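Working notes, beginning with the structure itself.
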Amino acid sequence: MLHSRDMELDEPSVSSETIDIVDAKLAMADRSSPRWALVLGATFGVSIFLCTLAIILLSFLFHAIVVEAGESRMALVLLGVGFCLVMGVALLEFAHTRSLRGFRWMREQQARLVAAVFAAPISMTILFVHPLAGLSIPICSGVGWLVQRQLSRVKSNEPPWVYFPEEAVSLCAGRDGNGAAKAMAKSANHALSDPFRRVVVLMALLISFATGAFLVSEQVLMPGIMLSLALISAWCVNDVLKYAQVHFGQNREDIGKSTRVQKPVENSTLPGTGLIVSHLNVRTQNGNPLLADISLSIDPGEIVGIIGESGAGKSLLMQSLVDPFSLADVQVSGLVTQNGTDLWQRSSGIQLVPAVHVADTPLILPASGADNLSCYQGDDQLKRGRYFLEQMVFAHDLVQEICSAPDARLLPSMHRKSLALSRAFALSPSVYFFDRPEDALQAAQVSALCHRLDQEVRLGRSIVLISDNRALLDKCDRLFVLQNGTLVDFGPAKQVRERRASGWHRFIAQRSLEAEQNLEKWIRSHFRRNGDEANRRRVALVASELLAVSCREANLGDDDTVEFLFKNFEGHCSVHMMDGSPPISSGQVQKAQELAEQKPLDSRRNPLAAIMANSLDVAFESHLEGRLIKVKVETYDPRKTEVKPGRVHAQTSS
């Protein structure tokens, strides 16, 4: 973990006159593996491997020159050569560690990968000399690989990634969940992993001696080469198993999660200012939708709330907007821009902080409160953070206590949340993402947060928040309603609240039959009692036929929408459908009524007839924006005997 310098924590309370909170812009860099580090690591790995191979081959020279040729004086010369090679390996290992300090996870994985890759051609060469000579390599490597797969479970002490100060900003901003996980994770090797590897290497050495002795006795190999082949075989097995430890340890730590992010090939940027989300989709690896075709826009200086039931996908949506790369085992597609810049773009170069995400459980690094607040950016950034923190906790002494904490993760939940929110405001991004910011806060702190949001809006920042708190929701200019991963309703916050308070629910979708599945899920979600299945089927059927009526008169290629309203009453429910088509004529209504009398009814010929056959009442109205179809569908109380639907009465008005 990054060690910061000591910071002075007892300066006087910071006033608004001493800090420019409007114009301050903090630079950041996303975590990455620089190309030079990869090239340098590979170069060191190859050099160390070749030096080690040369040391092993010296055993053959000792036997051939000193033992067989009787040149005893050459033993010292060969010993000197070997000593130089050993010192060379030591210097290379030291230089490798020092030059790539802070890249331990990458350094160790790459070094072991290079050794394992080079072990393959060496093994093939030995097997080419004689199959028995290299028999120990595939046997011991295979057994060791399988057992290492089962043993790599327990983590050790050193984190697999050490971040730099610039990268700490990206971590604290919630834009690099994988980097935060690596920085705070521990190595995942079982306690028996290393001992077992050594046992397998000794087994490979023993098998190599046995097969080598047999081949020498059969005069297939020279006596002097037996020791070299045994050492090389054991060395190859050791390298393969060392890489297996890194490989399976990585899987255990979830380093490099399986997430595929796909952006559109064309129109890589969207015009306009503010936050623009275009056709965001999140699916599992099996193709099951978690978020379905989310499109929205948020203007600068606007507060938008995302509401919905638990499990609707609100937190998933927020993380997908900021950091889709940290989602595990999903496929993400779409485009998210902030002021015309791709919000998903990652770069190790210095840049301004485009967005900050504060999760419901905020990210607190295993460091002091001051380091968490300043993101390791020094005294100036710490003063900014202390200014906002004092606004949240109302006491200079409490600010001092939080900043002085040696490990901020051990602070009370209220202090951790206040620290995370203050850090977010100190970073001054263009857009904030807050997931349940009211959690762990007291009423006075929520009030202070609302005041801070007003100030940020005046500065032109966009704010997206997930909340159940009435005070925070009253700050929202617009509300987006999410259900089952689908955006079903949106509009001015007051209208959405009033509509939901009166029992009406709205669903807006593209005017296409592709929306039928989401429409049915939306309808079925309003019938949750045991025994409500018949109600679900009947009302979902009527809603689907209403969508078909709308889509029949939609012009090909039009990008318009259709709107549904739903409300439950005692004994029936109302479903309203509004679109931009001309009103339905009296002739169409009469024909539909006649078809509704026919048995069996073919709904494909006339969906309006199917609506009438399954409804109590249908009314048609016309408006300036288009037409409105009101349908009343009979429902039943599952605790009582079900009543069969009555006849349909069609009404037309304007």
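To be explicit about the labels: the chains of the structure tokens are called A, B, and onward in the order shown, and within each one the residues are counted from 1, while ligands get numbers from 1 in the order they are shown.
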
Per DSSP on the backbone, what are the strand (DSSP E or B) residues of region 517-606 of chain A, as a PyMOL selection string? chain A and resi 561-569+572-579

Hey, what does DSSP flag as helix (DSSP H, G or I) within region 367-489 of chain A? Can you give it to me as an MDAnalysis selection string? chainID A and resid 369:374 379:393 396:404 408:410 413:427 443:458 470:474

So that I can check the surroundings of region 58-74 of chain A, please list as a short mmCIF file (atom, residue, chain, number, x, y, z; two decimals) with N, CA, C and O atoms, in the first residue's frame every protein, DNA and RNA residue that reaches within 9 Å of it, counting only C-alpha atoms and ignoring chain neighbours fewer than 5 positions away.
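Printed below is part-v8.cif as written:
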data_model
loop_
_atom_site.label_atom_id
_atom_site.label_comp_id
_atom_site.auth_asym_id
_atom_site.auth_seq_id
_atom_site.Cartn_x
_atom_site.Cartn_y
_atom_site.Cartn_z
N LEU A 53 19.56 -21.30 -16.63
CA LEU A 53 19.82 -22.44 -17.51
C LEU A 53 21.33 -22.67 -17.67
O LEU A 53 21.80 -23.82 -17.67
N LEU A 79 33.92 -22.99 -11.41
CA LEU A 79 33.27 -22.46 -10.21
C LEU A 79 33.16 -20.95 -10.28
O LEU A 79 32.14 -20.36 -9.89
N VAL A 81 33.03 -19.15 -13.04
CA VAL A 81 31.99 -18.82 -14.02
C VAL A 81 30.60 -18.97 -13.40
O VAL A 81 29.71 -18.13 -13.56
N GLY A 82 30.42 -20.07 -12.66
CA GLY A 82 29.12 -20.28 -12.01
C GLY A 82 28.82 -19.22 -10.98
O GLY A 82 27.67 -18.76 -10.87
N PRO A 223 27.18 -40.36 -19.29
CA PRO A 223 27.04 -40.22 -17.83
C PRO A 223 27.00 -38.77 -17.37
O PRO A 223 26.27 -38.42 -16.44
N GLY A 224 27.74 -37.91 -18.03
CA GLY A 224 27.80 -36.53 -17.58
C GLY A 224 26.53 -35.74 -17.79
O GLY A 224 26.31 -34.71 -17.12
N ILE A 225 25.67 -36.18 -18.70
CA ILE A 225 24.47 -35.40 -19.01
C ILE A 225 23.31 -35.76 -18.10
O ILE A 225 22.29 -35.07 -18.07
N MET A 226 23.46 -36.87 -17.34
CA MET A 226 22.35 -37.32 -16.50
C MET A 226 21.96 -36.27 -15.46
O MET A 226 20.78 -35.97 -15.26
N LEU A 227 22.97 -35.70 -14.79
CA LEU A 227 22.68 -34.71 -13.76
C LEU A 227 22.04 -33.46 -14.34
O LEU A 227 21.08 -32.91 -13.77
N SER A 228 22.53 -33.02 -15.49
CA SER A 228 21.96 -31.81 -16.12
C SER A 228 20.50 -32.03 -16.50
O SER A 228 19.64 -31.17 -16.28
#

For region 229-348 of chain A against region 504-525 of chain A, with a cut-off of 12 Å and counting only C-alpha atoms, what is the closest atom pair and its distance in Å to one decimal for every residue that makes the cut, ordered by chain and number, as JSON lines?
{"residue": "A:His279", "atom": "CA", "partner": "A:Gln510", "partner_atom": "CA", "distance": 11.9}
{"residue": "A:Pro289", "atom": "CA", "partner": "A:Asn518", "partner_atom": "CA", "distance": 10.7}
{"residue": "A:Leu290", "atom": "CA", "partner": "A:Asn518", "partner_atom": "CA", "distance": 11.9}
{"residue": "A:Leu291", "atom": "CA", "partner": "A:Asn518", "partner_atom": "CA", "distance": 11.1}
{"residue": "A:Ala292", "atom": "CA", "partner": "A:Asn518", "partner_atom": "CA", "distance": 8.8}
{"residue": "A:Asp293", "atom": "CA", "partner": "A:Ala509", "partner_atom": "CA", "distance": 10.0}
{"residue": "A:Ile294", "atom": "CA", "partner": "A:Ala509", "partner_atom": "CA", "distance": 10.4}
{"residue": "A:Ser295", "atom": "CA", "partner": "A:Ala509", "partner_atom": "CA", "distance": 10.8}
{"residue": "A:Gly308", "atom": "CA", "partner": "A:His505", "partner_atom": "CA", "distance": 11.7}
{"residue": "A:Glu309", "atom": "CA", "partner": "A:Ser525", "partner_atom": "CA", "distance": 10.6}
{"residue": "A:Ala312", "atom": "CA", "partner": "A:Ser525", "partner_atom": "CA", "distance": 11.3}

Name the residues in contact with Pro264 (chain A) at a cut-off of 9 Å, using only C-alpha atoms, excluding same-chain residues fewer than 6 positions from it; report them as number ranges by chain. A: 333-335

Quick one, how far is CA of Leu127 (chain A) from CA of Trp235 (chain A)? 15.1 Å

Min atom-atom distance to Ser315 (chain A) from the set A:Glu302, A:Asp468, A:Asp360, A:Asp239, counting only C-alpha atoms, belongs to A:Asp360

Identify which of the residues A:Val304, A:Val332, A:Leu146, A:Ile364 lies closest to Asn288 (chain A), counting only C-alpha atoms when measuring atom-to-atom distances.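 When distances to Asn288 (chain A) are compared using only C-alpha atoms, the smallest one comes from A:Val332.
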
Have a look at CA of Asn281 (chain A) and CA of Glu498 (chain A) and let me know their distance in Å, one decimal. 29.6 Å
